[in-house]
Structures are given as structure tokens and as C-alpha cells.
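Input: a single structure, listed below in C-alpha cells.
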Amino acid sequence: MERQILQTLEYKLTIPSAHMFLARYIEVDDANKSIVQLASYILDGTLLSYKLLRYCPSKLASAAMLIARNTQGMHPWSCALANCAQYCEADVVIVARAVLAEKALIGPELTSVLKKYSRSVYGCVANIDIPSV
């Protein structure tokens with residue numbers, strides 16, 4: 001039975017990553033390019049902190065969307081995102097605050113994400129001031 005399932009799936013198995021969740025949230029939210037770039041920057045930055053590993057990928061992606069929407073002056077959490085993610089805004093704010101706190105602690109030796117998202121091809125989103133949530 002297991003062999004048949006694997007063959008049907010063409011052995012394409014993977015665990016859900018935060019980026020997979022972010023892609024879904026972007027689709028559901030019909031996010032504009034600046035939200036996509038900013039949320040991607042924030043989510044990539046979470047890879048630099050071991051402390052953020054305690055949060056599940058879907059919550060990290062939700063936090064990235066909330067921070068990006070808030071930074072762009074939108075309401076931080078939409079009904080569409082709440083329905084898709086199954087998280088209320090209060091739950092996501094806790095993770096978003098942890099993400100921002102860890103972002104503030106990143107040392108000068110960890111600049112790869114900053115350099116990447118400072119380029120014009122990524123909208124220079126690393127240069128945007130990110131307000132607290």
C-alpha cells in the first residue's frame with residue numbers, strides 16, 4: 001500500500017516550510033509586490049536566529065505577513081489571512097514581536113540577508129524602517 005502511495009506521488013515528499021506557507025498567504029491576501037518583498041525579507045531573516053525555531057513555520061510566515069502589512073500602513077491582519085492561517089491577530093502579534101526582537105539582535109557578521117534585500121531587484125526593502133507591532 002505504501003509503495004503505491006509513494007509511486008502515485010512520484011516520491012515527491014517534503015515537509016511544509018515557512019516559505020510554502022508564505023506563498024499561500026501571499027496568494028490569499030492578493031499581496032502587492034512590496035508586501036511580497038518585505039515579507040520575504042522578514043521571513044529570510046528568521047533563519048538567522050535559533051530562538052525562532054520554537055515557532056512553527058506557519059506562524060513565522062504569518063508573522064512576516066503581519067509585519068509587512070503593518071509596515072506598509074495596512075491593517076496588520078486581514079480576515080482572509082485569519083481564515084487561511086487559522087490564527088487570530090493576537091497570536092500572530094506575539095510571534096511578530098519575537099521576530100522583530102531577534103532581528104534587532106543580529107550581529108554585524110550576519111549580513112547576507114541584509115545585503116540581498118538591499119539590492120534594487122528586491123525593492124531595497126532592507127532599507128525600510130520596520131515599526132514595532
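Residue numbering restarts at 1 in every chain; chains get A, B, ... in the order shown in the C-alpha cells, and ligands count up from 1 in that same order.
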
What's around A:Ala80 at 9 Å? Count only C-alpha atoms, leave out sequence neighbours fewer than 4 positions away in its own chain, and write the answer as a VMD selection string.
chain A and resid 25 28 to 29 84 to 85

Output of the above residues as an mmCIF file, in the first residue's frame, restricted to all heavy atoms:
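This went into again-v8.cif:
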data_model
loop_
_atom_site.group_PDB
_atom_site.id
_atom_site.type_symbol
_atom_site.label_atom_id
_atom_site.label_comp_id
_atom_site.auth_asym_id
_atom_site.auth_seq_id
_atom_site.Cartn_x
_atom_site.Cartn_y
_atom_site.Cartn_z
ATOM 1 N N TYR A 25 -0.113 32.453 1.806
ATOM 2 C CA TYR A 25 -0.678 33.661 2.409
ATOM 3 C C TYR A 25 -0.638 34.840 1.432
ATOM 4 O O TYR A 25 -1.565 35.648 1.391
ATOM 5 C CB TYR A 25 0.061 34.027 3.697
ATOM 6 C CG TYR A 25 -0.018 32.980 4.787
ATOM 7 C CD1 TYR A 25 0.922 32.942 5.807
ATOM 8 C CD2 TYR A 25 -1.019 32.015 4.805
ATOM 9 C CE1 TYR A 25 0.869 31.997 6.813
ATOM 10 C CE2 TYR A 25 -1.077 31.055 5.806
ATOM 11 C CZ TYR A 25 -0.133 31.048 6.806
ATOM 12 O OH TYR A 25 -0.190 30.105 7.796
ATOM 13 N N VAL A 28 -3.526 34.272 -0.978
ATOM 14 C CA VAL A 28 -4.821 34.520 -0.333
ATOM 15 C C VAL A 28 -5.037 36.016 -0.109
ATOM 16 O O VAL A 28 -6.137 36.531 -0.292
ATOM 17 C CB VAL A 28 -4.915 33.759 1.012
ATOM 18 C CG1 VAL A 28 -6.068 34.243 1.864
ATOM 19 C CG2 VAL A 28 -5.052 32.271 0.755
ATOM 20 N N ASP A 29 -3.972 36.711 0.270
ATOM 21 C CA ASP A 29 -4.061 38.137 0.590
ATOM 22 C C ASP A 29 -4.014 39.016 -0.656
ATOM 23 O O ASP A 29 -4.277 40.208 -0.578
ATOM 24 C CB ASP A 29 -2.918 38.520 1.533
ATOM 25 C CG ASP A 29 -3.111 39.865 2.181
ATOM 26 O OD1 ASP A 29 -4.231 40.160 2.640
ATOM 27 O OD2 ASP A 29 -2.136 40.630 2.242
ATOM 28 N N CYS A 84 -7.406 31.683 6.404
ATOM 29 C CA CYS A 84 -6.458 30.752 5.801
ATOM 30 C C CYS A 84 -5.503 30.169 6.839
ATOM 31 O O CYS A 84 -5.296 28.969 6.896
ATOM 32 C CB CYS A 84 -5.681 31.447 4.690
ATOM 33 S SG CYS A 84 -4.460 30.400 3.889
ATOM 34 N N ALA A 85 -4.918 31.035 7.646
ATOM 35 C CA ALA A 85 -3.910 30.606 8.622
ATOM 36 C C ALA A 85 -4.519 29.972 9.868
ATOM 37 O O ALA A 85 -3.838 29.235 10.570
ATOM 38 C CB ALA A 85 -3.051 31.794 9.023
#

Please identify which residues in stretch 72-112 of chain A DSSP calls helix (DSSP H, G or I) from the backbone, and express them as a list of chain:residue names.
A:Cys79, A:Ala80, A:Leu81, A:Ala82, A:Asn83, A:Cys84, A:Ala85, A:Glu89, A:Ala90, A:Asp91, A:Val92, A:Val93, A:Ile94, A:Val95, A:Ala96, A:Arg97, A:Ala98, A:Val99, A:Leu100, A:Ala101, A:Glu102, A:Lys103, A:Ala104, A:Ser112

Pick out the closest residue to A:Thr71 from this set: A:Ile128, A:Ile26, A:Leu9, A:Met1. Count only C-alpha atoms.
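Residue with the minimum atom-to-atom distance to A:Thr71: A:Ile128.
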
Extract, using only C-alpha atoms, all DNA, RNA and protein residues at most 12 Å from A:Leu81, discarding same-chain residues fewer than 2 positions from it, and format them as a ChimeraX atom specification.
/A:21-31,58-59,61-66,69,75-79,83-89,92
